[in-house]
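A quick write-up on the structure given underneath.
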Amino acid sequence: MSPIIRFKDVCKYYRAGNSQVTALSNVSLEIQQGDFVSVMGPSGGGKTTFLNCLGGLDSPDSGEIYLKDRLMNRMNDGELTELRRREIGFIFQFFNLMPTLTVRENVELPLLLNHSAKVKSKQVHTLLDYVGLLHRARSFPAELSGGEMQRVAIARALVHRPSILLADEPTGNLDSENGIKILELMKKASVDFDTTVVMATHNAQIANYGNCHYEIRDGQATSAG
């Protein structure tokens, strides 16, 4: 079986004043469908750049990135946008919910962008029940706790049944108890939805929730078991 994700000699550089910063240096790795991958490393080590390149939010300066054997870094902006809408769900540290939309409307948003809200509206109901927030469907983000907001974000990320969930420090803005609940929910969703999860974290304890581990340090990626 072909891996769902392949990085081949991927490099990414940034300018910082007169200096060039290497964010990714010849990163080569493969991720299989259904894996829960933890990407560890210190702040500034390249984890977020790795996720951004994988999510089509940034482009490598050299090398190749494949998603389901499709070469992402040869896609134009329109093709990448369509790929994100159909194949990739995003979970962020600071939730990124729309404050003027209700919980239900936040979860529906990806379907509206895909012009499929009427067809899949029942799916929103099912997902809110799945994350334990059906009773909060008409609430606004400001009325929720941090843990509840992150559960809404997970439902939103899953609503279009993506192949991949990308999570950048998903527990970084939560207390320990709610952080564990979010990790357990993500792990359960990975199995229930047959979704590949790629999670960036600097915390080794959190990384243990993954079944596959990489470390990115100074732009270099190595397998950590």
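For the structure tokens, the naming scheme is as follows: chains receive sequential letters (A, B, ...) according to their order of presentation, residues are indexed from 1 within each chain, and ligands are indexed from 1 in presentation order.
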
Write out as a PyMOL selection string each polymer residue whose atoms come within 12 Å of A:Gly44, counting only C-alpha atoms; drop sequence neighbours fewer than 4 positions from it. chain A and resi 14+21-24+40+48-50+200-202+216-220

Would you output that residue set with C-alpha atoms, as a JSON list (two decimals), in the first residue's frame?
```json
[["chain", "number", "residue", "atom", "x", "y", "z"],
["A", 14, "TYR", "CA", 13.29, 32.04, 5.33],
["A", 21, "VAL", "CA", 17.15, 30.53, 8.24],
["A", 22, "THR", "CA", 16.73, 26.87, 7.37],
["A", 23, "ALA", "CA", 13.26, 25.74, 8.50],
["A", 24, "LEU", "CA", 13.37, 22.33, 6.77],
["A", 40, "MET", "CA", 8.14, 16.70, 18.25],
["A", 48, "THR", "CA", 4.89, 24.43, 12.12],
["A", 49, "THR", "CA", 6.65, 24.90, 8.78],
["A", 50, "PHE", "CA", 6.37, 21.13, 8.25],
["A", 200, "ALA", "CA", 2.96, 18.95, 16.28],
["A", 201, "THR", "CA", 3.97, 19.23, 19.92],
["A", 202, "HIS", "CA", 7.01, 20.09, 22.04],
["A", 216, "ILE", "CA", 12.26, 18.00, 13.87],
["A", 217, "ARG", "CA", 15.17, 19.96, 15.23],
["A", 218, "ASP", "CA", 17.03, 22.69, 13.35],
["A", 219, "GLY", "CA", 15.10, 21.68, 10.23],
["A", 220, "GLN", "CA", 16.24, 18.06, 10.35]]
```

Contact residues around stretch 82-95 of chain A with only C-alpha atoms at 10 Å, ignoring same-chain residues under 3 positions, as JSON, numbers by chain: {"A": [51, 54, 55, 56, 57, 67, 68, 72, 75, 77, 78, 79, 98, 110, 111, 113, 114, 141, 146, 147, 148, 149, 150, 151, 152, 153, 154, 155, 156, 157, 158, 159, 160, 161, 162, 163, 164, 165, 166, 167, 168, 169, 170, 171, 172, 173, 174, 195, 196, 197, 198, 199]}

Give the alpha helix (DSSP H) residues of stretch 5-225 of chain A, as DSSP finds them on the backbone, and put them as JSON, numbers by chain. {"A": [47, 48, 49, 50, 51, 52, 53, 54, 77, 78, 79, 80, 81, 82, 83, 84, 85, 86, 87, 103, 104, 105, 106, 107, 108, 109, 110, 111, 112, 113, 117, 118, 119, 120, 121, 122, 123, 124, 125, 126, 127, 128, 129, 130, 146, 147, 148, 149, 150, 151, 152, 153, 154, 155, 156, 157, 158, 176, 177, 178, 179, 180, 181, 182, 183, 184, 185, 186, 187, 188, 189, 190, 191, 192, 204, 205, 206, 207]}

Selection: 8 Å around A:Tyr66, only C-alpha atoms, excl. self and same-chain fewer than 6 positions, as a ChimeraX atom specification: /A:4-7,72

Let's have the selection written as a compact mmCIF listing (two decimals), in the first residue's frame, with C-alpha atoms.
```
# COMPACT_ATOMS: atom_id res chain seq x y z
CA ILE A 4 -0.78 8.67 2.09
CA ILE A 5 1.95 11.31 2.64
CA ARG A 6 5.49 11.42 1.25
CA PHE A 7 8.14 14.06 1.76
CA MET A 72 1.31 19.12 -4.10
```

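Using only C-alpha atoms, the nearest neighbour of A:Lys181 within the list A:Arg74, A:Val131, A:Val27, A:Asp9 is A:Val131.
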
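For stretch 39-192 of chain A, the set of residues given strand (DSSP E) by DSSP on the backbone reads Val39, Met40, Ser62, Gly63, Glu64, Ile65, Tyr66, Leu67, Arg70, Leu71, Ile88, Gly89, Phe90, Ile91, Ile164, Leu165, Leu166, Ala167 and Asp168 of chain A.
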
Atom pair atom CA of A:Ile182 / atom CA of A:Gln32: separation (Å): 22.5 Å

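Computed from the coordinates, the atom CA of A:Glu30 to atom CA of A:Ile206 distance equals 21.3 Å.
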
Got a sec: who's within 9 Å of A:Cys212, counting only C-alpha atoms, leaving out chain neighbours fewer than 6 positions off, as a list of chain:residue names? A:Ile31, A:Asp35, A:Phe36, A:Val37, A:Ser38, A:Val39, A:Ser223, A:Ala224, A:Gly225

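Atom pair atom CA of A:Asp194 / atom CA of A:Gln33: separated by 7.6 Å.
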
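Considering only C-alpha atoms, the residue among A:Tyr13, A:Leu144, A:Val103, A:Asp192 positioned nearest to A:His125 is A:Val103.
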
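Nearest to A:Glu215 of all the residues A:Val191, A:Ile180, A:Leu128, A:Leu29 is A:Leu29, counting only C-alpha atoms.
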